[in-house]
$ cat data32.txt   # compact mmCIF, C-alpha atoms
# COMPACT_ATOMS: atom_id res chain seq x y z
CA MET A 1 -46.08 43.55 -152.17
CA GLY A 2 -46.42 42.73 -155.84
CA LEU A 3 -47.79 44.90 -158.59
CA LEU A 4 -50.92 42.83 -159.21
CA THR A 5 -51.65 42.38 -155.52
CA GLY A 6 -51.38 46.12 -154.95
CA LEU A 7 -53.63 46.84 -157.93
CA ARG A 8 -56.21 44.33 -156.71
CA GLU A 9 -56.15 45.90 -153.22
CA SER A 10 -56.58 49.40 -154.61
CA LEU A 11 -59.52 48.40 -156.78
CA THR A 12 -61.16 46.53 -153.90
CA LYS A 13 -60.82 49.54 -151.60
CA LEU A 14 -62.12 51.86 -154.33
CA PHE A 15 -65.30 49.88 -154.94
CA SER A 16 -65.96 48.67 -151.38
CA GLY A 17 -65.40 52.06 -149.82
CA GLY A 18 -63.20 50.73 -147.02
CA PRO A 19 -60.15 48.67 -146.13
CA THR A 20 -60.13 44.97 -147.02
CA GLN A 21 -60.46 42.39 -144.25
CA ARG A 22 -57.27 40.40 -144.72
CA ARG A 23 -56.71 36.80 -143.73
CA ILE A 24 -53.25 36.50 -142.22
CA GLY A 25 -51.97 32.94 -141.95
CA ILE A 26 -49.53 32.03 -139.18
CA TYR A 27 -47.28 29.39 -140.72
CA GLY A 28 -44.10 27.61 -139.74
CA PRO A 29 -42.70 24.24 -138.66
CA PRO A 30 -44.19 22.32 -135.72
CA ASN A 31 -43.43 23.68 -132.24
CA ALA A 32 -42.29 27.12 -133.41
CA GLY A 33 -44.85 28.82 -131.17
CA LYS A 34 -47.52 29.64 -133.76
CA THR A 35 -50.49 29.08 -131.47
CA THR A 36 -48.79 30.93 -128.61
CA LEU A 37 -48.37 33.89 -130.98
CA ALA A 38 -51.93 33.62 -132.30
CA ASN A 39 -53.23 33.57 -128.73
CA ARG A 40 -51.04 36.51 -127.76
CA ILE A 41 -52.32 38.63 -130.67
CA SER A 42 -55.92 37.56 -130.15
CA ARG A 43 -55.87 38.12 -126.36
CA ASP A 44 -54.19 41.51 -126.71
CA TRP A 45 -56.84 42.83 -129.10
CA THR A 46 -60.02 40.81 -128.49
CA GLY A 47 -59.58 39.23 -125.05
CA ASP A 48 -60.11 35.69 -126.39
CA ALA A 49 -57.64 32.89 -127.17
CA VAL A 50 -57.50 31.00 -130.48
CA GLY A 51 -56.61 27.52 -129.27
CA PRO A 52 -54.72 25.37 -126.76
CA GLU A 53 -50.90 25.48 -126.61
CA SER A 54 -48.66 22.49 -125.99
CA HIS A 55 -45.02 21.38 -126.17
CA ILE A 56 -46.17 18.22 -127.98
CA PRO A 57 -45.78 18.59 -131.78
CA HIS A 58 -48.97 18.92 -133.84
CA GLU A 59 -51.14 20.15 -130.97
CA THR A 60 -52.83 22.29 -133.62
CA ARG A 61 -54.33 19.87 -136.14
CA ARG A 62 -56.95 22.10 -137.71
CA ALA A 63 -56.58 25.63 -139.01
CA ARG A 64 -58.29 27.94 -136.53
CA ARG A 65 -59.48 31.41 -137.36
CA LYS A 66 -60.05 34.41 -135.14
CA GLU A 67 -62.03 36.97 -137.10
CA ASN A 68 -62.09 40.75 -136.85
CA VAL A 69 -58.92 41.33 -134.87
CA GLU A 70 -58.56 45.09 -134.93
CA ILE A 71 -55.01 46.27 -134.30
CA LYS A 72 -54.63 50.01 -133.62
CA ARG A 73 -51.29 51.60 -134.39
CA ASN A 74 -50.33 55.25 -134.72
CA GLY A 75 -53.87 56.52 -135.05
CA LYS A 76 -54.84 53.95 -137.68
CA SER A 77 -56.57 50.60 -137.28
CA VAL A 78 -55.91 47.39 -139.16
CA ASN A 79 -58.55 44.68 -139.37
CA ILE A 80 -57.30 41.13 -139.84
CA ASP A 81 -58.50 37.57 -139.49
CA VAL A 82 -55.79 35.56 -137.73
CA VAL A 83 -55.52 32.01 -139.09
CA ASP A 84 -53.48 29.70 -136.87
CA THR A 85 -52.32 26.72 -138.96
CA PRO A 86 -50.86 23.30 -138.12
CA GLY A 87 -47.08 23.03 -138.34
CA VAL A 88 -46.02 22.06 -141.84
CA THR A 89 -43.91 18.95 -142.37
CA THR A 90 -43.33 16.30 -145.04
CA LYS A 91 -43.54 13.37 -142.61
CA VAL A 92 -45.59 12.29 -139.61
CA ASP A 93 -44.58 9.23 -137.58
CA TYR A 94 -47.03 8.25 -134.87
CA THR A 95 -44.28 6.59 -132.80
CA GLU A 96 -42.88 10.05 -132.05
CA PHE A 97 -46.10 10.88 -130.19
CA MET A 98 -45.64 7.76 -128.07
CA ASP A 99 -42.46 9.41 -126.73
CA HIS A 100 -44.82 11.88 -125.05
CA ASP A 101 -46.52 9.19 -122.93
CA MET A 102 -49.29 8.58 -125.44
CA GLU A 103 -50.91 5.18 -126.05
CA LYS A 104 -50.63 3.78 -129.57
CA ASP A 105 -54.29 4.33 -130.46
CA ASP A 106 -54.12 7.95 -129.37
CA ALA A 107 -50.82 8.43 -131.18
CA VAL A 108 -52.20 6.97 -134.42
CA ARG A 109 -55.32 9.11 -134.19
CA ARG A 110 -53.22 12.20 -133.56
CA SER A 111 -50.96 11.42 -136.52
CA ARG A 112 -53.97 11.00 -138.83
CA GLU A 113 -55.40 14.32 -137.67
CA ALA A 114 -51.97 15.94 -138.07
CA THR A 115 -51.66 14.82 -141.69
CA GLU A 116 -55.12 16.16 -142.49
CA GLY A 117 -54.22 19.42 -140.78
CA VAL A 118 -51.00 19.88 -142.76
CA ALA A 119 -52.85 19.21 -146.02
CA GLU A 120 -55.48 21.73 -144.98
CA ALA A 121 -52.79 24.32 -144.17
CA MET A 122 -51.27 23.91 -147.63
CA HIS A 123 -54.69 24.29 -149.22
CA TRP A 124 -55.33 27.48 -147.25
CA LEU A 125 -51.99 28.85 -148.41
CA ARG A 126 -52.87 28.31 -152.06
CA GLU A 127 -56.47 29.52 -151.89
CA ASP A 128 -57.40 31.68 -148.92
CA ILE A 129 -54.50 33.57 -147.38
CA ASP A 130 -53.72 37.25 -148.05
CA GLY A 131 -50.54 37.53 -145.99
CA VAL A 132 -48.24 35.28 -143.98
CA ILE A 133 -46.52 35.53 -140.63
CA TYR A 134 -43.82 32.85 -140.78
CA VAL A 135 -42.84 31.81 -137.26
CA LEU A 136 -39.51 30.18 -136.47
CA ASP A 137 -37.97 29.00 -133.22
CA SER A 138 -34.87 31.19 -132.79
CA ALA A 139 -33.06 28.34 -131.07
CA ASP A 140 -33.54 25.93 -134.01
CA ASP A 141 -31.68 25.67 -137.30
CA PRO A 142 -33.73 27.64 -139.87
CA PHE A 143 -31.93 26.06 -142.87
CA THR A 144 -34.43 23.22 -143.27
CA GLN A 145 -36.05 21.98 -146.42
CA VAL A 146 -39.56 22.67 -145.15
CA ASN A 147 -38.67 26.29 -144.37
CA THR A 148 -36.99 26.77 -147.74
CA MET A 149 -39.93 25.22 -149.60
CA LEU A 150 -42.60 27.12 -147.70
CA ILE A 151 -40.92 30.49 -148.09
CA GLY A 152 -40.53 29.69 -151.81
CA ILE A 153 -44.22 28.77 -152.06
CA ILE A 154 -45.25 31.99 -150.29
CA GLU A 155 -42.98 34.10 -152.51
CA SER A 156 -44.37 32.44 -155.63
CA ARG A 157 -47.87 33.53 -154.61
CA ASP A 158 -46.71 37.11 -154.29
CA ILE A 159 -48.27 37.67 -150.88
CA PRO A 160 -46.60 39.77 -148.15
CA VAL A 161 -44.64 37.81 -145.57
CA LEU A 162 -43.02 38.70 -142.26
CA ILE A 163 -40.52 36.37 -140.56
CA PHE A 164 -40.99 36.21 -136.80
CA ALA A 165 -37.98 34.92 -134.84
CA ASN A 166 -39.84 33.57 -131.82
CA LYS A 167 -38.57 32.24 -128.48
CA THR A 168 -35.87 34.88 -128.10
CA ASP A 169 -36.00 34.14 -124.38
CA LEU A 170 -34.23 30.80 -124.95
CA GLU A 171 -30.53 30.59 -124.19
CA ASP A 172 -29.61 29.22 -127.63
CA ALA A 173 -31.68 31.78 -129.55
CA SER A 174 -29.96 33.37 -132.55
CA ILE A 175 -31.84 36.05 -134.46
CA LYS A 176 -28.85 36.56 -136.76
CA ARG A 177 -29.07 32.96 -137.92
CA ILE A 178 -32.66 33.50 -139.06
CA GLU A 179 -31.82 36.82 -140.72
CA ASN A 180 -29.04 35.09 -142.63
CA ALA A 181 -31.35 32.28 -143.73
CA PHE A 182 -33.94 34.61 -145.26
CA PRO A 183 -32.19 37.91 -145.97
CA GLN A 184 -34.81 38.87 -148.56
CA HIS A 185 -37.43 39.27 -145.80
CA GLU A 186 -37.68 41.38 -142.67
CA THR A 187 -37.13 39.45 -139.45
CA VAL A 188 -38.85 40.55 -136.24
CA PRO A 189 -37.56 39.07 -132.94
CA LEU A 190 -40.04 38.30 -130.17
CA SER A 191 -41.03 36.04 -127.36
CA ALA A 192 -44.73 35.34 -127.80
CA LEU A 193 -44.75 33.40 -124.54
CA HIS A 194 -43.47 36.33 -122.49
CA GLY A 195 -44.92 39.10 -124.65
CA GLU A 196 -41.51 40.60 -125.44
CA ASN A 197 -41.15 43.08 -128.33
CA MET A 198 -44.87 42.96 -129.14
CA ASP A 199 -44.95 46.69 -129.92
CA GLU A 200 -42.66 46.12 -132.89
CA VAL A 201 -44.68 43.03 -133.82
CA TYR A 202 -47.87 45.09 -134.08
CA ASP A 203 -46.10 47.95 -135.87
CA LYS A 204 -44.90 45.53 -138.53
CA ILE A 205 -48.28 43.78 -138.85
CA ALA A 206 -49.91 47.17 -139.44
CA GLU A 207 -47.19 48.17 -141.91
CA TYR A 208 -47.24 44.93 -143.94
CA PHE A 209 -50.89 43.93 -143.79
CA GLY A 210 -52.72 47.19 -143.26
CA MET B 1 -26.19 -3.55 -153.83
CA ALA B 2 -27.50 -0.36 -155.36
CA LYS B 3 -29.17 -0.02 -158.72
CA ALA B 4 -29.68 3.16 -160.71
CA ASN B 5 -32.35 3.42 -163.39
CA SER B 6 -31.90 5.69 -166.33
CA ASP B 7 -34.98 7.79 -167.04
CA SER B 8 -36.13 5.32 -169.67
CA GLY B 9 -36.14 2.53 -167.14
CA ALA B 10 -38.07 4.22 -164.35
CA ASP B 11 -41.32 2.58 -165.47
CA ASP B 12 -39.84 -0.76 -164.52
CA GLY B 13 -40.53 0.23 -160.92
CA ASN B 14 -39.40 -2.16 -158.27
CA ASP B 15 -39.88 -5.41 -160.18
CA ASP B 16 -36.21 -6.33 -160.11
CA ASN B 17 -35.55 -5.12 -156.58
CA ASP B 18 -34.47 -8.19 -154.66
CA GLY B 19 -34.65 -6.40 -151.30
CA ASP B 20 -30.89 -6.30 -150.78
CA GLY B 21 -30.30 -2.90 -152.29
CA VAL B 22 -31.66 0.57 -152.73
CA GLN B 23 -33.12 1.54 -156.09
CA ILE B 24 -32.34 5.04 -157.29
CA ASP B 25 -34.41 6.61 -160.07
CA LEU B 26 -32.66 9.48 -161.82
CA ILE B 27 -35.37 11.36 -163.70
CA SER B 28 -34.31 13.76 -166.40
CA SER B 29 -35.80 17.20 -166.88
CA GLU B 30 -36.91 16.15 -170.38
CA ARG B 31 -39.01 13.33 -168.96
CA MET B 32 -40.68 15.55 -166.37
CA ALA B 33 -41.27 18.39 -168.81
CA ASP B 34 -43.87 16.31 -170.66
CA LEU B 35 -45.88 15.60 -167.51
CA ALA B 36 -48.70 17.57 -165.92
CA SER B 37 -48.17 18.62 -162.30
CA MET B 38 -50.18 15.77 -160.80
CA GLU B 39 -48.42 13.28 -163.08
CA LYS B 40 -45.08 14.51 -161.76
CA ILE B 41 -46.27 14.12 -158.18
CA ARG B 42 -47.65 10.66 -158.93
CA THR B 43 -44.36 9.62 -160.55
CA ILE B 44 -42.44 10.75 -157.47
CA LEU B 45 -44.75 9.23 -154.88
CA ASP B 46 -45.16 5.93 -156.73
CA GLY B 47 -41.37 5.56 -156.67
CA VAL B 48 -41.12 6.55 -153.02
CA HIS B 49 -43.92 4.13 -152.06
CA ASP B 50 -41.83 1.38 -153.68
CA GLY B 51 -38.97 2.35 -151.37
CA ASN B 52 -36.95 4.03 -154.11
CA ILE B 53 -34.87 7.18 -153.95
CA VAL B 54 -36.04 9.59 -156.64
CA ILE B 55 -33.60 12.18 -157.94
CA LEU B 56 -34.98 14.91 -160.19
CA GLU B 57 -32.56 16.64 -162.51
CA GLU B 58 -34.79 19.70 -162.30
CA GLY B 59 -36.92 20.47 -159.28
CA LEU B 60 -40.61 21.10 -158.92
CA SER B 61 -42.23 24.53 -159.06
CA PRO B 62 -43.37 26.04 -155.74
CA ASP B 63 -46.98 25.21 -156.56
CA GLU B 64 -46.02 21.60 -157.32
CA GLU B 65 -44.04 21.42 -154.08
CA SER B 66 -47.12 22.62 -152.22
CA ARG B 67 -49.27 19.94 -153.85
CA LEU B 68 -46.59 17.30 -153.21
CA ILE B 69 -46.81 18.04 -149.47
CA GLU B 70 -50.61 17.94 -149.60
CA VAL B 71 -50.78 14.62 -151.48
CA THR B 72 -48.04 13.11 -149.29
CA MET B 73 -50.07 13.95 -146.19
CA ALA B 74 -53.14 12.30 -147.69
CA GLU B 75 -51.18 9.09 -148.33
CA ILE B 76 -49.48 8.70 -144.95
CA ASP B 77 -50.47 5.41 -143.38
CA PRO B 78 -49.27 5.00 -139.78
CA ASP B 79 -47.89 1.47 -140.20
CA GLU B 80 -46.89 1.63 -143.86
CA PHE B 81 -45.79 5.08 -145.01
CA THR B 82 -44.60 7.91 -142.76
CA GLY B 83 -44.02 10.46 -145.50
CA ILE B 84 -41.10 11.75 -147.50
CA GLU B 85 -37.72 13.31 -146.98
CA ILE B 86 -36.95 15.89 -149.63
CA GLU B 87 -33.82 17.94 -150.17
CA THR B 88 -32.96 20.52 -152.77
CA TYR B 89 -30.37 23.19 -153.11
CA PRO B 90 -31.71 26.64 -152.23
CA ARG B 91 -33.68 28.12 -155.12
CA PRO B 92 -31.50 30.49 -157.11
CA ASP B 93 -32.76 34.05 -157.25
CA SER B 94 -33.77 34.55 -160.87
CA GLY B 95 -34.14 38.28 -160.23
CA GLY B 96 -37.12 38.42 -162.53
CA GLY B 97 -39.80 38.91 -159.90
CA PHE B 98 -43.50 38.21 -160.25
CA LEU B 99 -43.77 39.31 -163.88
CA SER B 100 -41.02 36.89 -164.79
CA ARG B 101 -42.90 34.09 -163.02
CA ILE B 102 -46.23 34.73 -164.72
CA MET B 103 -44.41 34.86 -168.05
CA GLY B 104 -43.12 31.37 -167.35
CA ASN B 105 -39.51 32.40 -166.90
CA GLU B 106 -39.17 31.13 -163.37
CA ASN B 107 -35.96 29.25 -162.80
CA THR B 108 -36.73 25.96 -161.03
CA ALA B 109 -33.59 24.14 -162.12
CA LYS B 110 -32.27 22.56 -158.95
CA LEU B 111 -31.36 18.97 -158.26
CA THR B 112 -33.93 17.43 -155.91
CA VAL B 113 -33.63 14.23 -153.87
CA ILE B 114 -36.81 12.60 -152.53
CA GLY B 115 -37.13 9.37 -150.60
CA PRO B 116 -39.18 7.57 -147.98
CA ALA B 117 -38.84 9.35 -144.63
CA ASP B 118 -37.83 6.10 -142.94
CA ARG B 119 -35.00 5.39 -145.41
CA ILE B 120 -33.24 8.67 -146.04
CA GLN B 121 -31.63 10.98 -143.54
CA THR B 122 -29.96 14.25 -144.43
CA LEU B 123 -26.52 14.49 -142.86
CA HIS B 124 -25.47 17.86 -144.21
CA LYS B 125 -26.87 20.47 -146.52
CA ASP B 126 -25.55 23.77 -147.76
CA GLU B 127 -25.78 25.78 -150.96
CA THR B 128 -23.49 23.45 -152.89
CA LEU B 129 -23.66 20.07 -151.16
CA ILE B 130 -26.34 17.66 -150.01
CA SER B 131 -25.06 14.69 -148.03
CA ALA B 132 -27.59 12.00 -147.15
CA LEU B 133 -27.58 8.60 -145.53
CA ILE B 134 -29.79 6.03 -147.27
CA THR B 135 -30.68 2.88 -145.38
CA ARG B 136 -32.34 -0.37 -146.30
CA ARG B 137 -35.72 -1.24 -144.78

$ encode --input "data32.txt" --output "structure tokens"
Amino acid sequence: MGLLTGLRESLTKLFSGGPTQRRIGIYGPPNAGKTTLANRISRDWTGDAVGPESHIPHETRRARRKENVEIKRNGKSVNIDVVDTPGVTTKVDYTEFMDHDMEKDDAVRRSREATEGVAEAMHWLREDIDGVIYVLDSADDPFTQVNTMLIGIIESRDIPVLIFANKTDLEDASIKRIENAFPQHETVPLSALHGENMDEVYDKIAEYFG
Amino acid sequence: MAKANSDSGADDGNDDNDGDGVQIDLISSERMADLASMEKIRTILDGVHDGNIVILEEGLSPDEESRLIEVTMAEIDPDEFTGIEIETYPRPDSGGGFLSRIMGNENTAKLTVIGPADRIQTLHKDETLISALITRR
């Protein structure tokens, strides 16, 4: 965490008399499992889901927020708002949705909503996010331009970031590949779908965002 | 046929493009240095909308990259423009941290290639090489 961010947090706590409610954005490329993770966290601590999950890219086309998620770790509690964001990309082609048995009108509408959602996610990142969980599919190549750019954007804003190597249950998963791609950040392996390694996930959330 | 514009010729846009080739605009760091962030983004996207490949001698800042994604999304038109493909070398670690950035010492010097998503395909990328396939419409 940066010097100015830490100073701002300390002053806020001093004058408000309590811990700050932090907005934690779940970012990453499409289909990395962001909504599955958001739902897992939200269900574990509030009993409610954040939004629907799907294997079709851009299922999440609006940033969704679950407020007041209280995570209790080691006798302390951390209060966060979980913001599930649309997968970030630099291109959206409606014909790719038609590969998922979608009619053209539906595919076009979905692509328009997806572009608005990505723009919204970028705006949130610049204006309204206090920390980032960056979710990657462990079976995919992490050395993509979108990943490089987004991590660079997050670092430039001096906000804390955790890399989550999701989908470790897949046969082709490689946590080492993700660690090598972003060695400057801590990587936490997990399977949000199966709830594997969630204890470490919550330990790290409390440590980084508490 | 391929045609490369020097930075002084980039304003000529696509007027001379006869449709048989791919226009490449090589934009110098000096030219971009005089532009505000949104002017840089407009310069890039205007070129890309014309079907050109834009190569920046020096890349955008992280904030400008963020705005480039946002503006690109706003301009996607399902039957006309599907977005951009962008490739840069990984950002070198300046080692200066946040104080260095707020003092304006951030090192953004990195060659950047941007083109229409339906015309450029990255074949290989590592820390020292970007290999891309550029196709005609």

$ residues_around --input "data32.txt" --residues "Val69 in chain A" --least-positions-apart "3" --cutoff "12 Å" --atoms "only C-alpha atoms" --output "MDAnalysis selection string"
chainID A and resid 21:24 38:50 65:66 72 77:83 202 205:206 210

$ atom_distance --input "data32.txt" --atom1 "CA of Arg112 in chain A" --atom2 "CA of Thr82 in chain B"
10.6 Å

$ interface_residues --input "data32.txt" --of "chain B" --to "chain A" --cutoff "9 Å" --atoms "only C-alpha atoms" --output "PyMOL selection string"
chain B and resi 61-63+65-79+81-91+97-99+101+117+125-126

$ atom_distance --input "data32.txt" --atom1 "CA of Leu133 in chain B" --atom2 "CA of Asp140 in chain A"
21.6 Å

$ atom_distance --input "data32.txt" --atom1 "CA of Met38 in chain B" --atom2 "CA of Leu60 in chain B"
11.1 Å

$ closest_residue --input "data32.txt" --among "B:Leu123, B:Ile130, B:Asp25, B:Val113" --to "Asn52 in chain B" --atoms "all atoms listed in the file"
B:Asp25

$ residues_near_point --input "data32.txt" --point "(-39.7, 4.0, -151.2)" --cutoff "7 Å" --atoms "all atoms listed in the file" --output "number ranges by chain"
B: 47-53, 115-116

$ decode --input "data32.txt" --residues "range 13-99 of chain B" --atoms "C-alpha atoms" --output "PDB file, in the first residue's frame"
ATOM      1  CA  GLY B  13      -5.446  10.231 -43.004  1.00  0.00           C
ATOM      2  CA  ASN B  14      -6.703   7.701 -45.461  1.00  0.00           C
ATOM      3  CA  ASP B  15      -7.181   9.993 -48.460  1.00  0.00           C
ATOM      4  CA  ASP B  16      -4.615   8.204 -50.593  1.00  0.00           C
ATOM      5  CA  ASN B  17      -5.513   4.701 -49.464  1.00  0.00           C
ATOM      6  CA  ASP B  18      -6.656   2.912 -52.580  1.00  0.00           C
ATOM      7  CA  GLY B  19      -7.933  -0.100 -50.625  1.00  0.00           C
ATOM      8  CA  ASP B  20      -5.197  -2.452 -51.812  1.00  0.00           C
ATOM      9  CA  GLY B  21      -2.826  -1.893 -48.935  1.00  0.00           C
ATOM     10  CA  VAL B  22      -2.522  -1.273 -45.250  1.00  0.00           C
ATOM     11  CA  GLN B  23      -1.629   2.211 -44.054  1.00  0.00           C
ATOM     12  CA  ILE B  24       0.765   2.400 -41.127  1.00  0.00           C
ATOM     13  CA  ASP B  25       1.073   5.618 -39.125  1.00  0.00           C
ATOM     14  CA  LEU B  26       4.304   5.870 -37.163  1.00  0.00           C
ATOM     15  CA  ILE B  27       3.748   8.597 -34.581  1.00  0.00           C
ATOM     16  CA  SER B  28       6.774  10.065 -32.885  1.00  0.00           C
ATOM     17  CA  SER B  29       6.977  10.788 -29.176  1.00  0.00           C
ATOM     18  CA  GLU B  30       7.547  14.473 -29.999  1.00  0.00           C
ATOM     19  CA  ARG B  31       4.223  14.673 -31.816  1.00  0.00           C
ATOM     20  CA  MET B  32       2.302  13.007 -28.987  1.00  0.00           C
ATOM     21  CA  ALA B  33       4.035  15.032 -26.287  1.00  0.00           C
ATOM     22  CA  ASP B  34       2.237  18.182 -27.448  1.00  0.00           C
ATOM     23  CA  LEU B  35      -1.212  16.588 -27.205  1.00  0.00           C
ATOM     24  CA  ALA B  36      -3.601  16.391 -24.271  1.00  0.00           C
ATOM     25  CA  SER B  37      -4.701  12.897 -23.234  1.00  0.00           C
ATOM     26  CA  MET B  38      -7.999  12.990 -25.105  1.00  0.00           C
ATOM     27  CA  GLU B  39      -6.263  14.378 -28.194  1.00  0.00           C
ATOM     28  CA  LYS B  40      -3.893  11.412 -28.124  1.00  0.00           C
ATOM     29  CA  ILE B  41      -6.803   8.994 -27.846  1.00  0.00           C
ATOM     30  CA  ARG B  42      -8.651  10.775 -30.646  1.00  0.00           C
ATOM     31  CA  THR B  43      -5.557  10.635 -32.869  1.00  0.00           C
ATOM     32  CA  ILE B  44      -5.248   6.893 -32.284  1.00  0.00           C
ATOM     33  CA  LEU B  45      -8.910   6.028 -32.725  1.00  0.00           C
ATOM     34  CA  ASP B  46      -9.379   8.244 -35.789  1.00  0.00           C
ATOM     35  CA  GLY B  47      -6.532   6.341 -37.452  1.00  0.00           C
ATOM     36  CA  VAL B  48      -7.883   2.966 -36.375  1.00  0.00           C
ATOM     37  CA  HIS B  49     -11.397   3.858 -37.599  1.00  0.00           C
ATOM     38  CA  ASP B  50      -9.817   4.538 -41.009  1.00  0.00           C
ATOM     39  CA  GLY B  51      -8.421   1.007 -40.944  1.00  0.00           C
ATOM     40  CA  ASN B  52      -4.856   2.117 -40.261  1.00  0.00           C
ATOM     41  CA  ILE B  53      -2.250   0.533 -38.033  1.00  0.00           C
ATOM     42  CA  VAL B  54      -0.997   3.117 -35.539  1.00  0.00           C
ATOM     43  CA  ILE B  55       2.462   2.673 -34.058  1.00  0.00           C
ATOM     44  CA  LEU B  56       3.428   4.940 -31.171  1.00  0.00           C
ATOM     45  CA  GLU B  57       7.112   5.491 -30.546  1.00  0.00           C
ATOM     46  CA  GLU B  58       6.254   6.041 -26.893  1.00  0.00           C
ATOM     47  CA  GLY B  59       3.265   4.429 -25.239  1.00  0.00           C
ATOM     48  CA  LEU B  60       0.365   5.896 -23.338  1.00  0.00           C
ATOM     49  CA  SER B  61       0.295   6.391 -19.580  1.00  0.00           C
ATOM     50  CA  PRO B  62      -1.816   3.925 -17.545  1.00  0.00           C
ATOM     51  CA  ASP B  63      -4.527   6.554 -17.119  1.00  0.00           C
ATOM     52  CA  GLU B  64      -4.566   7.182 -20.879  1.00  0.00           C
ATOM     53  CA  GLU B  65      -4.730   3.436 -21.529  1.00  0.00           C
ATOM     54  CA  SER B  66      -7.727   3.245 -19.210  1.00  0.00           C
ATOM     55  CA  ARG B  67      -9.469   6.058 -21.071  1.00  0.00           C
ATOM     56  CA  LEU B  68      -8.561   4.500 -24.430  1.00  0.00           C
ATOM     57  CA  ILE B  69     -10.407   1.316 -23.419  1.00  0.00           C
ATOM     58  CA  GLU B  70     -13.386   3.351 -22.199  1.00  0.00           C
ATOM     59  CA  VAL B  71     -13.650   5.465 -25.365  1.00  0.00           C
ATOM     60  CA  THR B  72     -13.110   2.411 -27.589  1.00  0.00           C
ATOM     61  CA  MET B  73     -16.025   0.673 -25.896  1.00  0.00           C
ATOM     62  CA  ALA B  74     -18.235   3.707 -26.460  1.00  0.00           C
ATOM     63  CA  GLU B  75     -17.416   3.678 -30.186  1.00  0.00           C
ATOM     64  CA  ILE B  76     -17.931  -0.016 -30.924  1.00  0.00           C
ATOM     65  CA  ASP B  77     -20.616  -0.443 -33.550  1.00  0.00           C
ATOM     66  CA  PRO B  78     -21.654  -4.070 -34.127  1.00  0.00           C
ATOM     67  CA  ASP B  79     -21.516  -3.954 -37.934  1.00  0.00           C
ATOM     68  CA  GLU B  80     -18.789  -1.349 -38.365  1.00  0.00           C
ATOM     69  CA  PHE B  81     -16.187  -1.356 -35.598  1.00  0.00           C
ATOM     70  CA  THR B  82     -15.465  -4.237 -33.225  1.00  0.00           C
ATOM     71  CA  GLY B  83     -12.748  -2.513 -31.220  1.00  0.00           C
ATOM     72  CA  ILE B  84      -8.983  -2.434 -31.164  1.00  0.00           C
ATOM     73  CA  GLU B  85      -6.061  -4.775 -30.847  1.00  0.00           C
ATOM     74  CA  ILE B  86      -3.232  -3.223 -28.878  1.00  0.00           C
ATOM     75  CA  GLU B  87       0.199  -4.593 -28.090  1.00  0.00           C
ATOM     76  CA  THR B  88       3.070  -3.135 -26.151  1.00  0.00           C
ATOM     77  CA  TYR B  89       6.180  -4.484 -24.571  1.00  0.00           C
ATOM     78  CA  PRO B  90       5.804  -5.005 -20.827  1.00  0.00           C
ATOM     79  CA  ARG B  91       6.218  -1.730 -18.941  1.00  0.00           C
ATOM     80  CA  PRO B  92       9.756  -1.431 -17.618  1.00  0.00           C
ATOM     81  CA  ASP B  93      10.003  -1.129 -13.853  1.00  0.00           C
ATOM     82  CA  SER B  94      11.234   2.410 -13.273  1.00  0.00           C
ATOM     83  CA  GLY B  95      11.852   1.575  -9.621  1.00  0.00           C
ATOM     84  CA  GLY B  96      10.720   5.019  -8.601  1.00  0.00           C
ATOM     85  CA  GLY B  97       7.406   4.049  -7.032  1.00  0.00           C
ATOM     86  CA  PHE B  98       4.434   6.301  -6.421  1.00  0.00           C
ATOM     87  CA  LEU B  99       6.445   9.402  -5.529  1.00  0.00           C
TER      88      LEU B  99
END
